[in-house]
Structure formats: structure tokens, C-alpha cells
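Data block for my_file-v1.tsv (TSV, C-alpha atoms):
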chain	number	residue	atom	x	y	z
K	1	MET	CA	-122.46	48.11	-162.27
K	2	ILE	CA	-125.44	46.64	-160.39
K	3	ARG	CA	-126.08	44.13	-163.18
K	4	PHE	CA	-122.43	43.06	-163.13
K	5	LEU	CA	-122.55	42.45	-159.37
K	6	PHE	CA	-125.79	40.47	-159.64
K	7	VAL	CA	-124.35	38.30	-162.43
K	8	VAL	CA	-121.17	37.62	-160.44
K	9	ILE	CA	-123.16	36.77	-157.30
K	10	PHE	CA	-125.48	34.45	-159.23
K	11	LEU	CA	-122.63	32.72	-161.08
K	12	ILE	CA	-120.57	32.10	-157.94
K	13	SER	CA	-123.66	30.93	-156.04
K	14	PHE	CA	-124.63	28.58	-158.86
K	15	LEU	CA	-121.15	27.04	-159.08
K	16	ILE	CA	-120.92	26.49	-155.32
K	17	LEU	CA	-124.48	25.30	-154.74
K	18	SER	CA	-124.26	22.93	-157.70
K	19	ILE	CA	-121.38	20.95	-156.17
K	20	PRO	CA	-123.80	18.29	-154.79
K	21	ILE	CA	-125.46	18.20	-158.22
K	22	HIS	CA	-122.13	17.18	-159.76
K	23	PHE	CA	-122.21	14.06	-157.59
K	24	VAL	CA	-125.85	13.33	-158.42
K	25	GLU	CA	-125.20	13.77	-162.14
K	26	TRP	CA	-122.18	11.47	-161.88
K	27	ILE	CA	-124.32	8.74	-160.32
K	28	ILE	CA	-127.06	9.20	-162.92
K	29	GLY	CA	-124.43	8.94	-165.65
K	30	LYS	CA	-123.36	5.53	-164.36
K	31	PHE	CA	-126.84	4.09	-164.91
K	32	ASN	CA	-128.38	6.32	-167.60
K	33	PRO	CA	-125.86	8.43	-169.56
K	34	ASP	CA	-128.53	9.87	-171.83
K	35	LEU	CA	-130.56	11.15	-168.88
K	36	LYS	CA	-127.44	12.65	-167.35
K	37	ASN	CA	-126.58	14.41	-170.63
K	38	ARG	CA	-130.05	15.91	-170.94
K	39	SER	CA	-130.34	16.92	-167.30
K	40	SER	CA	-126.91	18.58	-167.27
K	41	GLN	CA	-127.83	20.51	-170.40
K	42	LYS	CA	-131.14	21.70	-168.94
K	43	ILE	CA	-129.50	22.83	-165.68
K	44	VAL	CA	-126.85	24.91	-167.43
K	45	GLN	CA	-129.33	26.30	-169.96
K	46	TRP	CA	-131.48	27.46	-167.06
K	47	ALA	CA	-128.46	29.18	-165.44
K	48	PHE	CA	-127.53	30.91	-168.70
K	49	LYS	CA	-131.09	32.12	-169.21
K	50	VAL	CA	-131.02	33.63	-165.71
K	51	ILE	CA	-127.75	35.41	-166.55
K	52	MET	CA	-129.33	36.78	-169.74
K	53	LYS	CA	-132.33	37.99	-167.75
K	54	ILE	CA	-130.20	39.71	-165.11
K	55	SER	CA	-128.05	41.27	-167.84
K	56	GLY	CA	-131.04	42.72	-169.64
K	57	VAL	CA	-130.27	40.99	-172.95
K	58	LYS	CA	-133.07	41.61	-175.44
K	59	LEU	CA	-132.65	38.86	-177.98
K	60	THR	CA	-133.89	38.61	-181.54
K	61	VAL	CA	-133.36	35.18	-183.10
K	62	LYS	CA	-133.59	34.59	-186.83
K	63	GLY	CA	-133.34	31.37	-188.81
K	64	PHE	CA	-133.74	29.00	-185.86
K	65	GLU	CA	-135.68	26.73	-188.20
K	66	ASN	CA	-132.44	26.24	-190.18
K	67	ILE	CA	-130.97	24.05	-187.44
K	68	PRO	CA	-131.46	20.33	-188.19
K	69	LYS	CA	-133.13	18.97	-185.06
K	70	ASP	CA	-132.60	15.25	-185.65
K	71	GLU	CA	-128.86	15.11	-186.30
K	72	ALA	CA	-125.60	16.32	-184.80
K	73	VAL	CA	-124.18	19.42	-186.46
K	74	LEU	CA	-121.14	21.67	-186.32
K	75	TYR	CA	-122.15	25.17	-185.24
K	76	VAL	CA	-119.74	27.81	-186.56
K	77	GLY	CA	-120.00	31.46	-185.60
K	78	ASN	CA	-118.26	34.79	-185.13
K	79	HIS	CA	-116.83	35.50	-181.69
K	80	ARG	CA	-117.07	38.90	-180.01
K	81	SER	CA	-118.03	38.29	-176.39
K	82	TYR	CA	-118.31	35.81	-173.53
K	83	PHE	CA	-122.05	36.25	-174.02
K	84	ASP	CA	-121.80	34.48	-177.40
K	85	ILE	CA	-121.52	31.23	-175.46
K	86	VAL	CA	-124.17	32.11	-172.88
K	87	ILE	CA	-126.76	32.99	-175.52
K	88	THR	CA	-126.12	30.24	-178.05
K	89	TYR	CA	-125.92	27.46	-175.46
K	90	ALA	CA	-129.17	28.62	-173.84
K	91	LEU	CA	-130.84	28.06	-177.23
K	92	ALA	CA	-129.18	24.78	-178.24
K	93	PRO	CA	-131.95	22.32	-179.24
K	94	ASN	CA	-129.74	19.25	-178.90
K	95	LEU	CA	-126.69	18.08	-176.94
K	96	THR	CA	-123.86	20.45	-177.78
K	97	GLY	CA	-120.24	20.71	-176.68
K	98	TYR	CA	-118.10	23.78	-177.22
K	99	VAL	CA	-114.46	24.00	-178.21
K	100	ALA	CA	-112.78	26.13	-175.53
K	101	LYS	CA	-109.21	27.23	-174.94
K	102	LYS	CA	-107.08	24.87	-172.83
K	103	GLU	CA	-106.82	27.38	-169.98
K	104	MET	CA	-110.53	26.94	-169.18
K	105	GLU	CA	-109.80	23.40	-168.02
K	106	LYS	CA	-108.09	24.86	-164.93
K	107	VAL	CA	-111.13	26.83	-163.70
K	108	PRO	CA	-112.56	25.01	-160.65
K	109	LEU	CA	-116.22	23.88	-160.76
K	110	LEU	CA	-116.84	25.53	-164.14
K	111	SER	CA	-114.57	23.02	-165.87
K	112	THR	CA	-116.56	20.18	-164.27
K	113	TRP	CA	-119.76	21.41	-165.88
K	114	MET	CA	-117.90	21.88	-169.17
K	115	ARG	CA	-116.78	18.25	-169.13
K	116	TYR	CA	-120.33	17.12	-168.33
K	117	LEU	CA	-121.47	19.12	-171.37
K	118	HIS	CA	-118.88	17.48	-173.68
K	119	CYS	CA	-116.77	20.59	-174.13
K	120	LEU	CA	-113.36	20.15	-175.74
K	121	PHE	CA	-110.27	21.94	-174.47
K	122	LEU	CA	-108.01	23.05	-177.31
K	123	ASP	CA	-104.29	23.66	-176.86
K	124	ARG	CA	-103.64	26.13	-179.68
K	125	ASP	CA	-99.87	25.93	-179.24
K	126	ASN	CA	-99.62	22.16	-179.57
K	127	ILE	CA	-100.41	20.80	-183.03
K	128	LYS	CA	-100.47	17.16	-181.86
K	129	GLU	CA	-102.91	17.91	-179.03
K	130	GLY	CA	-105.00	20.05	-181.38
K	131	LEU	CA	-105.34	17.08	-183.72
K	132	LYS	CA	-106.51	14.91	-180.81
K	133	THR	CA	-109.16	17.50	-180.01
K	134	ILE	CA	-110.43	17.42	-183.59
K	135	LEU	CA	-110.53	13.60	-183.55
K	136	THR	CA	-112.50	13.65	-180.29
K	137	GLY	CA	-114.91	16.15	-181.84
K	138	ILE	CA	-115.39	13.80	-184.77
K	139	GLU	CA	-116.22	10.98	-182.34
K	140	TYR	CA	-118.73	13.20	-180.54
K	141	ILE	CA	-120.50	14.18	-183.75
K	142	ASN	CA	-120.63	10.56	-184.91
K	143	SER	CA	-122.22	9.66	-181.56
K	144	GLY	CA	-124.90	12.35	-181.93
K	145	ILE	CA	-123.39	15.27	-179.99
K	146	SER	CA	-123.18	18.60	-181.80
K	147	ILE	CA	-120.08	20.77	-181.50
K	148	CYS	CA	-119.82	24.56	-181.56
K	149	ILE	CA	-116.64	26.36	-182.57
K	150	PHE	CA	-115.51	29.95	-183.03
K	151	PRO	CA	-112.81	29.60	-185.70
K	152	GLU	CA	-111.55	33.18	-185.30
K	153	GLY	CA	-109.79	31.81	-182.23
K	154	THR	CA	-110.30	34.90	-180.10
K	155	ARG	CA	-112.87	37.59	-179.37
K	156	ASN	CA	-112.86	39.98	-182.30
K	157	LYS	CA	-113.35	43.72	-181.78
K	158	GLY	CA	-113.81	44.64	-185.45
K	159	ASP	CA	-116.58	44.22	-188.00
K	160	GLU	CA	-114.44	42.14	-190.34
K	161	LEU	CA	-114.16	38.51	-189.27
K	162	LEU	CA	-110.67	37.21	-188.60
K	163	PRO	CA	-109.51	34.46	-191.00
K	164	PHE	CA	-110.83	30.99	-190.24
K	165	LYS	CA	-108.28	28.22	-190.04
K	166	GLU	CA	-109.23	25.48	-192.49
K	167	GLY	CA	-108.44	22.78	-189.90
K	168	SER	CA	-111.23	24.06	-187.68
K	169	LEU	CA	-113.83	22.73	-190.13
K	170	LYS	CA	-112.35	19.22	-190.36
K	171	MET	CA	-114.99	17.86	-187.99
K	172	ALA	CA	-117.67	18.60	-190.58
K	173	ASP	CA	-115.59	17.54	-193.57
K	174	LYS	CA	-114.72	14.16	-192.02
K	175	THR	CA	-118.19	13.34	-190.63
K	176	GLY	CA	-120.28	14.85	-193.42
K	177	CYS	CA	-122.42	16.62	-190.84
K	178	ALA	CA	-124.11	19.92	-191.53
K	179	ILE	CA	-122.31	23.15	-190.72
K	180	VAL	CA	-124.77	25.60	-189.18
K	181	PRO	CA	-123.31	29.08	-189.64
K	182	PHE	CA	-124.46	31.79	-187.25
K	183	ALA	CA	-123.71	35.45	-186.70
K	184	MET	CA	-124.17	37.50	-183.55
K	185	VAL	CA	-124.47	41.28	-183.44
K	186	ASN	CA	-124.07	43.53	-180.39
K	187	THR	CA	-122.95	40.87	-177.90
K	188	ARG	CA	-119.78	42.86	-177.24
K	189	ASP	CA	-121.92	45.80	-176.18
K	190	VAL	CA	-123.41	43.75	-173.35
K	191	PHE	CA	-120.12	43.64	-171.45
K	192	GLU	CA	-116.72	44.02	-173.11
K	193	ASN	CA	-117.25	47.50	-174.59
K	194	HIS	CA	-117.73	49.03	-171.14
K	195	PHE	CA	-116.12	46.59	-168.71
K	196	PRO	CA	-116.90	46.08	-165.86
K	197	LYS	CA	-120.43	47.35	-166.47
K	198	ILE	CA	-123.11	45.15	-168.01
K	199	LYS	CA	-125.52	47.06	-170.22
K	200	SER	CA	-129.03	46.09	-171.33
K	201	THR	CA	-128.55	45.47	-175.05
K	202	HIS	CA	-130.51	44.35	-178.10
K	203	VAL	CA	-128.66	41.32	-179.49
K	204	VAL	CA	-129.40	39.75	-182.86
K	205	LEU	CA	-128.53	36.12	-183.54
K	206	GLU	CA	-129.13	34.66	-186.98
K	207	TYR	CA	-128.62	31.05	-188.01
K	208	GLY	CA	-127.91	30.55	-191.69
K	209	LYS	CA	-128.95	27.65	-193.87
K	210	PRO	CA	-126.98	24.46	-193.16
K	211	ILE	CA	-123.92	23.80	-195.29
K	212	TYR	CA	-123.23	20.19	-196.19
K	213	PRO	CA	-119.56	19.85	-197.27
K	214	LYS	CA	-120.24	16.92	-199.59
K	215	GLU	CA	-122.73	19.02	-201.55
K	216	LEU	CA	-120.22	21.80	-202.26
K	217	ASP	CA	-118.14	22.04	-205.41
K	218	LYS	CA	-114.47	21.06	-205.21
K	219	GLU	CA	-113.15	24.60	-204.73
K	220	HIS	CA	-115.53	25.55	-201.90
K	221	ARG	CA	-114.94	22.24	-200.14
K	222	LYS	CA	-111.17	22.67	-200.40
K	223	PHE	CA	-111.43	26.06	-198.68
K	224	LEU	CA	-114.34	25.23	-196.40
K	225	GLY	CA	-113.22	27.68	-193.73
K	226	ALA	CA	-113.08	30.63	-196.11
K	227	HIS	CA	-116.46	29.70	-197.61
K	228	THR	CA	-118.11	29.44	-194.20
K	229	GLN	CA	-116.47	32.68	-193.09
K	230	SER	CA	-117.93	34.54	-196.07
K	231	VAL	CA	-121.42	33.25	-195.23
K	232	ILE	CA	-121.13	34.36	-191.60
K	233	GLN	CA	-119.64	37.72	-192.60
K	234	GLU	CA	-122.66	38.38	-194.82
K	235	LEU	CA	-125.08	37.44	-192.03
K	236	TYR	CA	-123.22	39.69	-189.59
K	237	LEU	CA	-123.12	42.76	-191.82
K	238	SER	CA	-126.75	42.36	-192.87
K	239	ASN	CA	-127.94	42.37	-189.26
K	240	LYS	CA	-125.53	45.07	-188.14
K	241	ASN	CA	-126.74	47.40	-190.89
K	242	SER	CA	-130.36	46.70	-190.02
K	243	LEU	CA	-129.74	47.98	-186.48
K	244	LEU	CA	-128.14	51.26	-187.61
Take the structure in the file and give it back as C-alpha cells.
Amino acid sequence: MIRFLFVVIFLISFLILSIPIHFVEWIIGKFNPDLKNRSSQKIVQWAFKVIMKISGVKLTVKGFENIPKDEAVLYVGNHRSYFDIVITYALAPNLTGYVAKKEMEKVPLLSTWMRYLHCLFLDRDNIKEGLKTILTGIEYINSGISICIFPEGTRNKGDELLPFKEGSLKMADKTGCAIVPFAMVNTRDVFENHFPKIKSTHVVLEYGKPIYPKELDKEHRKFLGAHTQSVIQELYLSNKNSLL
């Protein structure tokens, strides 16, 4: 319970004390957007690393070398915990926006940082708005900003991944960018499995080899979501079994 309280205190303090930083970052963005992008990323990565430290996350990272460092990519992973975002964003080597549910846009202060970090807010109940989100993601990738999505659509409690919606991979199919599949094991045991306690946990994150849609055969490209899901499922089970 102590870890949970420390994380809450740090997070609230960060959001409040960073209000003046929002203004500074806004001014920087008017004159040097690239500097603003990089500084915003570094600030939030620092905050997430502090949260990981307070939470006692012991992280093992595999396959980090599989991430192309000189191009925008589409990160695709399994989703089990809020800590999936904390951990993966803290490690992002390049500018990266996340696809989040529309409701997150209403959270004061946090949503401001999310906009600064090029996050996209997806309305899952509105097909037209969902298409706009995908088109914006395509624009981001074409401009050099990576995007991260969790195509299961919700935090999954089981070991079998929920079906990926094929539309969620359109950003890679339309831009030709690499899909970087990743699997996370044990993130749910940090927090959700014993809410409201936060438990020191060994988390494994593995990045798979990049998948380039244009290099796939016709069948795999047609069902890109299912193909990517199978890759991530294999990564997940391999690492889960290694921890048993």
C-alpha cells in the first residue's frame, strides 16, 4: 500500500507542478517544434522511470535492437496493465504517440501532456471518428512520429490474446512502415492483480523482429492483424513459460 500512496503522490505532484512547464513547452513549440517534441518526451520519460522505480519494477528487456531507430514505426503489443504504457514509453527511442480511449481526453493536465506527446484519442463507438484517428496516425507516421497501439482494445486478464481488429493495423499497411511487435509479461501483477496495492514485480518485455507489410505474402497481408497477433502470442507464451 505504501508504494501505491507514493506513486499517487508523485503523479499528482508532477501533474500540478508541471503546469508552468506546459506554458514553457507551448512557447518553445512556437519557435522550435522539434525541440519541444524532444523535451516533452524526455520530461515524461523521466516521470515514468520514477514511477517504475517507486513501484519496484524489475525489468528485463529483450530484442531492443529490433526497433528501427531511424524511421517511424507502428508498435503493436498485448495489453494487460496501465504499466504497459509506463514501461514502453519510458523506453521509446524516438518520438512516439499512443492510441488511447476517447475518455482519456477529459482527464485534466494528463490530457495536455498526451496531446504534447502526439497521442490519439479513439472513439471506439463512432466508426467515422475512428477512421479520422487512423488517418491522423498515418499523417504522424509519414511525418516521422511512431505510434503505439494495443489492438486488443482493453486490458486482458487471460493468457490468450483477444482478437486484433484488422483496421487497427491500417496505419502500417497504408504507410509501409515497420510493425514492431512486442509482448509484456507480468505487468498485471504490478498493480491490477492486487488493487490497490503495488507489488515489486519482475516484468519481461520482448520486442520481436519488425514486420514490413509489403514484404508479406498476400494472405498474411490481408489478415495483418491476425498475423501480428500470432507473433505477439508466441513472444508472450515463450517469456511466460520461462518465468515459471
Dig up all the protein and nucleic acid residues within 12 Å of (-130.6, 29.2, -192.7) in the file frame, using all atoms listed in the file, and format them as number ranges by chain.
-> K: 61-68, 75, 178-183, 205-211, 231-232, 235
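As for CA of Val204 (chain K) and CA of Glu234 (chain K), they are spaced 13.8 Å apart.
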Contacts of His194 (chain K) at 12 Å (all atoms listed in the file; same-chain gap of 5+ positions) as a list in words =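 Selected residues are Met1, Phe4, Ser81, Thr187, Arg188, Asp189, Lys199 and Ser200 of chain K.
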Contacts of Ile149 (chain K) at 12 Å or less, counting all atoms listed in the file, minus same-chain residues fewer than 5 places along, as an NGL selection string?
-> :K and (73-79 or 84-85 or 88-89 or 96-101 or 119-122 or 133-134 or 137 or 154 or 164-165 or 167-172 or 179-182 or 225)
Hey, can you spit out that residue selection with C-alpha atoms as a PDB file, in the frame of the given file?
ATOM      1  CA  VAL K  73    -124.180  19.420-186.460  1.00  0.00           C
ATOM      2  CA  LEU K  74    -121.140  21.670-186.320  1.00  0.00           C
ATOM      3  CA  TYR K  75    -122.150  25.170-185.240  1.00  0.00           C
ATOM      4  CA  VAL K  76    -119.740  27.810-186.560  1.00  0.00           C
ATOM      5  CA  GLY K  77    -120.000  31.460-185.600  1.00  0.00           C
ATOM      6  CA  ASN K  78    -118.260  34.790-185.130  1.00  0.00           C
ATOM      7  CA  HIS K  79    -116.830  35.500-181.690  1.00  0.00           C
ATOM      8  CA  ASP K  84    -121.800  34.480-177.400  1.00  0.00           C
ATOM      9  CA  ILE K  85    -121.520  31.230-175.460  1.00  0.00           C
ATOM     10  CA  THR K  88    -126.120  30.240-178.050  1.00  0.00           C
ATOM     11  CA  TYR K  89    -125.920  27.460-175.460  1.00  0.00           C
ATOM     12  CA  THR K  96    -123.860  20.450-177.780  1.00  0.00           C
ATOM     13  CA  GLY K  97    -120.240  20.710-176.680  1.00  0.00           C
ATOM     14  CA  TYR K  98    -118.100  23.780-177.220  1.00  0.00           C
ATOM     15  CA  VAL K  99    -114.460  24.000-178.210  1.00  0.00           C
ATOM     16  CA  ALA K 100    -112.780  26.130-175.530  1.00  0.00           C
ATOM     17  CA  LYS K 101    -109.210  27.230-174.940  1.00  0.00           C
ATOM     18  CA  CYS K 119    -116.770  20.590-174.130  1.00  0.00           C
ATOM     19  CA  LEU K 120    -113.360  20.150-175.740  1.00  0.00           C
ATOM     20  CA  PHE K 121    -110.270  21.940-174.470  1.00  0.00           C
ATOM     21  CA  LEU K 122    -108.010  23.050-177.310  1.00  0.00           C
ATOM     22  CA  THR K 133    -109.160  17.500-180.010  1.00  0.00           C
ATOM     23  CA  ILE K 134    -110.430  17.420-183.590  1.00  0.00           C
ATOM     24  CA  GLY K 137    -114.910  16.150-181.840  1.00  0.00           C
ATOM     25  CA  THR K 154    -110.300  34.900-180.100  1.00  0.00           C
ATOM     26  CA  PHE K 164    -110.830  30.990-190.240  1.00  0.00           C
ATOM     27  CA  LYS K 165    -108.280  28.220-190.040  1.00  0.00           C
ATOM     28  CA  GLY K 167    -108.440  22.780-189.900  1.00  0.00           C
ATOM     29  CA  SER K 168    -111.230  24.060-187.680  1.00  0.00           C
ATOM     30  CA  LEU K 169    -113.830  22.730-190.130  1.00  0.00           C
ATOM     31  CA  LYS K 170    -112.350  19.220-190.360  1.00  0.00           C
ATOM     32  CA  MET K 171    -114.990  17.860-187.990  1.00  0.00           C
ATOM     33  CA  ALA K 172    -117.670  18.600-190.580  1.00  0.00           C
ATOM     34  CA  ILE K 179    -122.310  23.150-190.720  1.00  0.00           C
ATOM     35  CA  VAL K 180    -124.770  25.600-189.180  1.00  0.00           C
ATOM     36  CA  PRO K 181    -123.310  29.080-189.640  1.00  0.00           C
ATOM     37  CA  PHE K 182    -124.460  31.790-187.250  1.00  0.00           C
ATOM     38  CA  GLY K 225    -113.220  27.680-193.730  1.00  0.00           C
TER      39      GLY K 225
END
Give the padded box for region 68-74 of chain K as JSON: axis-aligned, covering all atoms listed in the file, 6 Å on each side, centre and edge lengths in Å to one decimal.
{"center_x": -127.1, "center_y": 18.4, "center_z": -186.5, "size_x": 24.0, "size_y": 18.6, "size_z": 15.4}
All residues 12 Å or closer to Ile12 (chain K), only C-alpha atoms, same chain fewer than 5 positions away omitted, as JSON, numbers by chain = {"K": [5, 6, 7, 17, 18, 19, 47, 51, 108, 109, 110]}
From the set K:Lys174, K:Tyr116, K:Gly56, K:Lys157, which residue has the shortest atom-to-atom contact distance to Leu135 (chain K), counting only C-alpha atoms?
->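 Ranking K:Lys174, K:Tyr116, K:Gly56, K:Lys157 by distance to Leu135 (chain K), first place goes to K:Lys174.
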Could you check how far CA of Gly158 (chain K) sits from CA of His227 (chain K), in Å to one decimal?
-> 19.4 Å
Between K:Thr201, K:Leu117, K:Tyr82, K:Ala90, which has the minimum distance to Asn156 (chain K) (counting all atoms listed in the file)?
->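 Closest to Asn156 (chain K), using all atoms listed in the file: K:Tyr82.
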Which value, in Å to one decimal, gives the distance between CA of Glu192 (chain K) and CA of Ala226 (chain K)?
->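 Atom-to-atom, CA of Glu192 (chain K) to CA of Ala226 (chain K), that is 26.9 Å.
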Quick one: residues within 8 Å of region 27-40 of chain K, all atoms listed in the file counted, chain neighbours fewer than 2 positions away excluded, as a list in words?
->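 Counting all atoms listed in the file, the residues come to Phe23, Val24, Glu25, Lys42, Ile43, Val44, Leu95, Trp113, Tyr116 and Leu117 of chain K.
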Between K:Tyr236, K:Tyr140, K:Phe195, K:Phe223, which has the minimum distance to Pro163 (chain K) (counting only C-alpha atoms)?
->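 Between K:Tyr236, K:Tyr140, K:Phe195, K:Phe223, the residue approaching Pro163 (chain K) most closely is K:Phe223.
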Among listed residues K:Thr136, K:Gln41, K:Gln229, K:Asn239, nearest Pro93 (chain K) (using all atoms listed in the file) =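 Distance minimum relative to Pro93 (chain K) lands on K:Gln41.
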Determine the nearest neighbour of Ile54 (chain K) from the options K:Ile21, K:Ile147, K:Leu161, K:Ile198, counting all atoms listed in the file.
->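 Of all the options, K:Ile198 lies closest to Ile54 (chain K).
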Considering all atoms listed in the file, state which residue in the set K:Gly176, K:Lys197, K:Asn142, K:Leu224 is at the smallest distance from Val8 (chain K).
-> K:Lys197
